[in-house]
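Below is the file upload.txt, which contains compact mmCIF, C-alpha atoms.
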# COMPACT_ATOMS: atom_id res chain seq x y z
CA MET K 1 7.77 69.47 282.72
CA TYR K 2 9.65 71.25 279.88
CA ILE K 3 12.42 69.14 278.35
CA LEU K 4 15.21 70.97 276.47
CA THR K 5 15.98 69.28 273.17
CA LYS K 6 19.20 69.63 271.19
CA GLU K 7 17.59 68.91 267.82
CA PRO K 8 17.41 72.56 266.61
CA TYR K 9 21.06 73.07 267.56
CA ILE K 10 22.10 69.88 265.74
CA ASN K 11 20.18 70.93 262.62
CA TYR K 12 21.90 74.30 262.72
CA GLN K 13 25.30 72.63 262.95
CA LEU K 14 24.44 70.33 260.05
CA SER K 15 23.34 73.24 257.86
CA THR K 16 26.57 75.09 258.76
CA ILE K 17 28.64 72.04 257.82
CA ASN K 18 26.76 71.70 254.50
CA TYR K 19 27.41 75.34 253.73
CA GLN K 20 31.10 74.93 254.51
CA LEU K 21 31.25 71.85 252.30
CA SER K 22 29.63 73.69 249.41
CA THR K 23 32.15 76.50 249.89
CA ILE K 24 35.01 74.00 249.82
CA ASN K 25 33.62 72.41 246.64
CA TYR K 26 33.45 75.83 245.00
CA GLN K 27 37.04 76.57 246.02
CA LEU K 28 38.15 73.20 244.67
CA SER K 29 36.44 73.88 241.32
CA THR K 30 38.18 77.26 241.20
CA ILE K 31 41.53 75.60 241.92
CA ASN K 32 40.88 73.01 239.19
CA TYR K 33 40.11 75.80 236.73
CA GLN K 34 43.31 77.59 237.68
CA LEU K 35 45.28 74.37 237.29
CA SER K 36 43.78 73.77 233.84
CA THR K 37 44.79 77.30 232.88
CA ILE K 38 48.34 76.66 234.08
CA ASN K 39 48.46 73.39 232.12
CA TYR K 40 47.31 75.33 229.06
CA GLN K 41 50.12 77.81 229.53
CA LEU K 42 52.69 75.07 229.97
CA SER K 43 51.49 73.31 226.82
CA THR K 44 52.09 76.44 224.76
CA ILE K 45 55.82 76.64 225.41
CA ASN K 46 56.61 74.94 222.08
CA TYR K 47 53.49 76.12 220.29
CA MET K 48 54.20 78.34 217.30
CA VAL K 49 51.84 81.26 216.76
CA ASN K 50 51.25 82.38 213.19
CA PHE K 51 50.21 85.86 212.15
CA PHE K 52 49.87 86.75 208.50
CA GLN K 53 51.43 89.78 206.86
CA PHE K 54 47.97 91.09 205.92
CA GLU K 55 47.21 91.18 209.67
CA THR K 56 50.19 93.35 210.61
CA ASP K 57 48.09 96.50 211.00
CA PHE K 58 46.35 95.09 214.09
CA VAL K 59 48.34 92.20 215.56
CA ASP K 60 50.33 94.43 217.94
CA SER K 61 47.18 95.76 219.58
CA LEU K 62 45.03 92.71 218.73
CA ARG K 63 42.09 95.06 218.16
CA CYS K 64 40.72 92.52 215.67
CA ILE K 65 40.45 88.75 216.04
CA PRO K 66 43.37 87.17 214.15
CA MET K 67 42.91 84.17 211.89
CA GLU K 68 44.81 82.04 214.40
CA VAL K 69 42.09 82.61 216.99
CA ARG K 70 39.21 82.51 214.51
CA MET K 71 40.20 79.02 213.39
CA LYS K 72 40.35 77.86 217.01
CA LEU K 73 36.90 79.33 217.66
CA ASP K 74 35.46 77.48 214.67
CA THR K 75 37.24 74.33 215.81
CA CYS K 76 35.76 74.48 219.32
CA GLY K 77 32.35 75.76 218.17
CA VAL K 78 32.12 79.21 219.78
CA LYS K 79 30.73 82.24 217.95
CA LEU K 80 32.80 84.99 219.55
CA LYS K 81 31.74 88.47 218.49
CA LEU K 82 34.07 91.43 218.13
CA VAL K 83 32.20 93.15 220.95
CA HIS K 84 33.22 90.25 223.21
CA TRP K 85 36.82 90.44 222.03
CA HIS K 86 37.02 94.16 222.79
CA GLN K 87 36.04 93.50 226.42
CA PHE K 88 38.98 91.16 226.96
CA SER K 89 42.23 92.51 228.34
CA GLN K 90 45.40 92.37 226.26
CA GLU K 91 46.62 89.47 228.40
CA GLU K 92 43.38 87.56 227.85
CA ARG K 93 43.58 88.12 224.08
CA GLN K 94 47.17 86.91 224.11
CA ALA K 95 46.09 83.80 226.02
CA LEU K 96 43.48 83.00 223.34
CA VAL K 97 46.17 83.44 220.68
CA HIS K 98 48.63 81.11 222.39
CA LEU K 99 46.40 78.41 223.89
CA PRO K 100 46.34 75.29 221.69
CA CYS K 101 43.23 73.85 220.09
CA ARG K 102 44.56 70.94 218.08
CA ASN K 103 42.51 67.95 219.25
CA SER K 104 39.26 67.08 221.01
CA THR K 105 40.63 67.52 224.53
CA GLU K 106 42.25 70.87 223.76
CA SER K 107 39.14 71.98 221.86
CA GLN K 108 36.86 71.32 224.84
CA ALA K 109 39.24 73.09 227.20
CA TYR K 110 39.61 76.06 224.82
CA ARG K 111 35.82 76.38 224.55
CA LYS K 112 35.50 76.35 228.34
CA PHE K 113 38.23 78.97 228.68
CA VAL K 114 36.58 81.27 226.11
CA GLN K 115 33.12 80.89 227.60
CA ASN K 116 34.41 81.58 231.11
CA LEU K 117 35.92 84.84 229.86
CA VAL K 118 32.72 85.85 228.08
CA VAL K 119 30.57 85.10 231.13
CA GLN K 120 32.95 87.09 233.36
CA LYS K 121 32.68 90.12 231.05
CA THR K 122 29.02 89.98 229.99
CA GLY K 123 27.18 87.70 232.38
CA THR K 124 26.06 85.38 229.57
CA SER K 125 27.90 82.85 227.44
CA ALA K 126 28.59 83.23 223.74
CA LYS K 127 26.53 81.34 221.18
CA GLU K 128 27.84 77.86 220.46
CA LEU K 129 27.93 76.37 216.97
CA ALA K 130 27.91 72.84 215.63
CA ILE K 131 31.44 71.54 215.18
CA ASP K 132 32.24 70.23 211.71
CA PRO K 133 34.15 66.95 212.16
CA TYR K 134 35.60 67.42 208.66
CA PRO K 135 36.19 71.17 208.26
CA PRO K 136 37.02 72.34 204.73
CA TRP K 137 40.36 73.84 205.77
CA MET K 138 41.53 70.34 206.68
CA ASP K 139 40.59 69.01 203.24
CA ARG K 140 43.77 69.04 201.16
CA LYS K 141 42.06 67.73 198.04
CA ILE K 142 39.14 70.04 197.25
CA VAL K 143 39.29 73.75 196.52
CA SER K 144 35.79 75.12 197.01
CA ALA K 145 33.99 76.81 194.13
CA HIS K 146 33.61 80.14 195.93
CA ILE K 147 37.38 80.33 196.54
CA GLN K 148 38.10 79.62 192.87
CA ALA K 149 35.47 82.20 191.88
CA LYS K 150 37.12 84.82 194.08
CA ALA K 151 40.58 83.92 192.78
CA ALA K 152 39.29 84.18 189.20
CA GLU K 153 38.50 87.86 189.83
CA PHE K 154 42.29 88.36 189.92
CA GLY K 155 42.99 86.04 186.99
CA VAL K 156 44.17 83.24 189.28
CA THR K 157 43.33 79.54 189.36
CA ILE K 158 44.44 77.68 192.47
CA THR K 159 45.75 74.26 191.50
CA LYS K 160 45.25 71.09 193.49
CA ARG K 161 48.98 70.95 194.23
CA GLN K 162 49.00 74.53 195.51
CA TRP K 163 46.01 73.85 197.76
CA GLU K 164 47.66 70.71 199.16
CA ASN K 165 50.81 72.64 199.99
CA LEU K 166 48.97 75.26 202.05
CA SER K 167 48.77 74.92 205.82
CA PRO K 168 45.34 74.43 207.42
CA LEU K 169 45.52 78.01 208.72
CA GLN K 170 46.26 79.34 205.23
CA ARG K 171 43.35 77.39 203.77
CA PHE K 172 41.13 78.66 206.60
CA ALA K 173 42.16 82.24 205.84
CA LEU K 174 41.30 81.89 202.14
CA ILE K 175 37.92 80.40 203.02
CA LYS K 176 37.11 83.35 205.28
CA LEU K 177 38.53 86.00 202.98
CA SER K 178 36.66 84.71 199.93
CA ARG K 179 33.29 85.38 201.54
CA PRO K 180 31.40 88.60 200.79
CA GLY K 181 32.19 91.44 203.17
CA HIS K 182 34.67 94.14 203.97
CA GLU K 183 37.48 91.77 204.97
CA ASN K 184 37.76 90.19 201.53
CA ARG K 185 39.98 93.15 200.59
CA ASN K 186 42.76 91.00 202.06
CA PHE K 187 42.11 88.12 199.68
CA LEU K 188 44.59 89.40 197.07
CA PRO K 189 47.31 90.13 199.65
CA ALA K 190 46.76 86.60 200.98
CA LEU K 191 47.15 85.09 197.51
CA LYS K 192 50.47 86.90 197.17
CA GLU K 193 51.63 86.02 200.68
CA PHE K 194 50.82 82.34 200.11
CA ASN K 195 52.74 82.39 196.78
CA LEU K 196 49.60 81.66 194.78
CA ILE K 197 50.17 84.70 192.59
CA PRO K 198 53.39 86.47 191.61
CA ARG K 199 54.17 89.43 193.83
CA SER K 200 54.18 92.73 191.96
structure tokens encoding of this file:
Amino acid sequence: MYILTKEPYINYQLSTINYQLSTINYQLSTINYQLSTINYQLSTINYMVNFFQFETDFVDSLRCIPMEVRMKLDTCGVKLKLVHWHQFSQEERQALVHLPCRNSTESQAYRKFVQNLVVQKTGTSAKELAIDPYPPWMDRKIVSAHIQAKAAEFGVTITKRQWENLSPLQRFALIKLSRPGHENRNFLPALKEFNLIPRS
């Protein structure tokens, strides 16, 4: 005699329940991401954004990555290329300008936010770099030799006191602008803007 068993039906129900649970977990992770984004936005209410005068030709459109963002990227260890940046919307670029990256927790969250954007736009994450626990722009005591060499081209020597009085972002900018490449044309304007050389 043929006996009808309910086992296949039960297995089907179990697989359906597992699928629903996985869907719920995905939705929860999405909600958590959205909440972290909201918390980011709330934390930026009192966060001051700094653009330099030598960046004024692109800060309105944000067609280039400003120093403010570049320092955050170095801090969180993400190598974001200009081709990535150009795929972001204006709102997404503004978010990367305003989101804080001042400590380990914020750095990890900023890296996750950047990488999520890159994956959404390109399908793959950006290259990650080793994070320097003692970055040179946080060192108030030592002016690197390549910065002094670049300053010497304009007859300038940066004193220890002047270097100490610069903000981390200003020191970061000088480090980047003193490297070989097209952007070092802004090194002299930066020296003047940071009051390291008399303005003409």
Handout entry: Top pick for closest residue to K:Tyr134, considering K:Asn184, K:Gln53, K:Gln27, K:Thr75 and counting all atoms listed in the file
Key = K:Thr75
Practice task
Tell me which of K:Ile131, K:Val156, K:Leu177, K:Val69 sits closest to K:Ile197, counting all atoms listed in the file.
Solution key: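 Once distances to K:Ile197 are computed over all atoms listed in the file, the minimum belongs to K:Val156.
Nearest to K:Asp74 of all the residues K:Gln108, K:Asn195, K:Thr16, K:Thr124 is K:Gln108, counting all atoms listed in the file.
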Handout entry: Atomic distance atom CA of K:Phe52 - atom CA of K:Val78, expressed in Å with one decimal
Key =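 Separation of atom CA of K:Phe52 and atom CA of K:Val78: 22.3 Å.
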Exercise for the section: Kindly give the distance, in Å, that separates atom CA of K:Phe51 and atom CA of K:Glu91, rounded to a single decimal. Expected result: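 Interatomic distance here is 17.0 Å.
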Problem - Selection as number ranges by chain: residues within 12 Å of (41.7, 69.9, 222.6), counting all atoms listed in the file - result: K: 40, 43, 72-73, 75-77, 99-113
Next, dump the selected residues to file, keeping only C-alpha atoms, as a compact mmCIF listing (two decimals), in the frame of the given file.
# COMPACT_ATOMS: atom_id res chain seq x y z
CA TYR K 40 47.31 75.33 229.06
CA SER K 43 51.49 73.31 226.82
CA LYS K 72 40.35 77.86 217.01
CA LEU K 73 36.90 79.33 217.66
CA THR K 75 37.24 74.33 215.81
CA CYS K 76 35.76 74.48 219.32
CA GLY K 77 32.35 75.76 218.17
CA LEU K 99 46.40 78.41 223.89
CA PRO K 100 46.34 75.29 221.69
CA CYS K 101 43.23 73.85 220.09
CA ARG K 102 44.56 70.94 218.08
CA ASN K 103 42.51 67.95 219.25
CA SER K 104 39.26 67.08 221.01
CA THR K 105 40.63 67.52 224.53
CA GLU K 106 42.25 70.87 223.76
CA SER K 107 39.14 71.98 221.86
CA GLN K 108 36.86 71.32 224.84
CA ALA K 109 39.24 73.09 227.20
CA TYR K 110 39.61 76.06 224.82
CA ARG K 111 35.82 76.38 224.55
CA LYS K 112 35.50 76.35 228.34
CA PHE K 113 38.23 78.97 228.68
Could you put an axis-aligned box around every listed atom of stretch 50-58 of chain K, padded by 4 Å on each side, and send me its centre and edge lengths in Å to one decimal, as JSON?
{"center_x": 48.9, "center_y": 89.4, "center_z": 210.0, "size_x": 13.1, "size_y": 22.1, "size_z": 16.2}
Completion exercise
Correct to one decimal, the distance atom CA of K:Arg140-atom CA of K:Trp163 is 6.3 Å
Residues at most 12 Å from K:Gln120, counting only C-alpha atoms, excluding those fewer than 6 positions away in the same chain, as a PDB file with C-alpha atoms, in the coordinates of the input?
ATOM      1  CA  HIS K  84      33.220  90.250 223.210  1.00  0.00           C
ATOM      2  CA  GLN K  87      36.040  93.500 226.420  1.00  0.00           C
ATOM      3  CA  PHE K  88      38.980  91.160 226.960  1.00  0.00           C
ATOM      4  CA  SER K  89      42.230  92.510 228.340  1.00  0.00           C
ATOM      5  CA  GLU K  92      43.380  87.560 227.850  1.00  0.00           C
ATOM      6  CA  PHE K 113      38.230  78.970 228.680  1.00  0.00           C
ATOM      7  CA  VAL K 114      36.580  81.270 226.110  1.00  0.00           C
ATOM      8  CA  ALA K 126      28.590  83.230 223.740  1.00  0.00           C
TER       9      ALA K 126
END
Exercise for the section: Could you check which of K:Phe172, K:Phe194, K:Phe54, K:Phe187 is closest to K:Glu68, using all atoms listed in the file? Expected result: K:Phe172
Practice task
Show which residues sit within 12 Å of K:Asn50, as a list in words. Count all atoms listed in the file, and ignore same-chain residues fewer than 6 positions away.
Solution key: Thr56, Val59, Pro66, Met67, Glu68, Val69, Met71, Val97, His98, Ser167, Pro168, Leu169, Gln170 and Ala173 of chain K
Put those residues in a file: C-alpha atoms, as a PDB file, keeping the file's coordinate frame.
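Resulting contents of part-v5.pdb:
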ATOM      1  CA  THR K  56      50.190  93.350 210.610  1.00  0.00           C
ATOM      2  CA  VAL K  59      48.340  92.200 215.560  1.00  0.00           C
ATOM      3  CA  PRO K  66      43.370  87.170 214.150  1.00  0.00           C
ATOM      4  CA  MET K  67      42.910  84.170 211.890  1.00  0.00           C
ATOM      5  CA  GLU K  68      44.810  82.040 214.400  1.00  0.00           C
ATOM      6  CA  VAL K  69      42.090  82.610 216.990  1.00  0.00           C
ATOM      7  CA  MET K  71      40.200  79.020 213.390  1.00  0.00           C
ATOM      8  CA  VAL K  97      46.170  83.440 220.680  1.00  0.00           C
ATOM      9  CA  HIS K  98      48.630  81.110 222.390  1.00  0.00           C
ATOM     10  CA  SER K 167      48.770  74.920 205.820  1.00  0.00           C
ATOM     11  CA  PRO K 168      45.340  74.430 207.420  1.00  0.00           C
ATOM     12  CA  LEU K 169      45.520  78.010 208.720  1.00  0.00           C
ATOM     13  CA  GLN K 170      46.260  79.340 205.230  1.00  0.00           C
ATOM     14  CA  ALA K 173      42.160  82.240 205.840  1.00  0.00           C
TER      15      ALA K 173
END
Problem - Nearest to K:Leu82, chosen from K:Ile17, K:Val118, K:Cys64, K:Met138, with only C-alpha atoms counted in the distances - result: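 Nearest candidate to K:Leu82 out of K:Ile17, K:Val118, K:Cys64, K:Met138: K:Cys64.
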Exercise for the section: Using all atoms listed in the file, pick whichever of K:Leu62, K:Val143, K:Ile158, K:Ala151 has the shortest atom-to-atom distance to K:His86. Expected result: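 Of all the options, K:Leu62 lies closest to K:His86.
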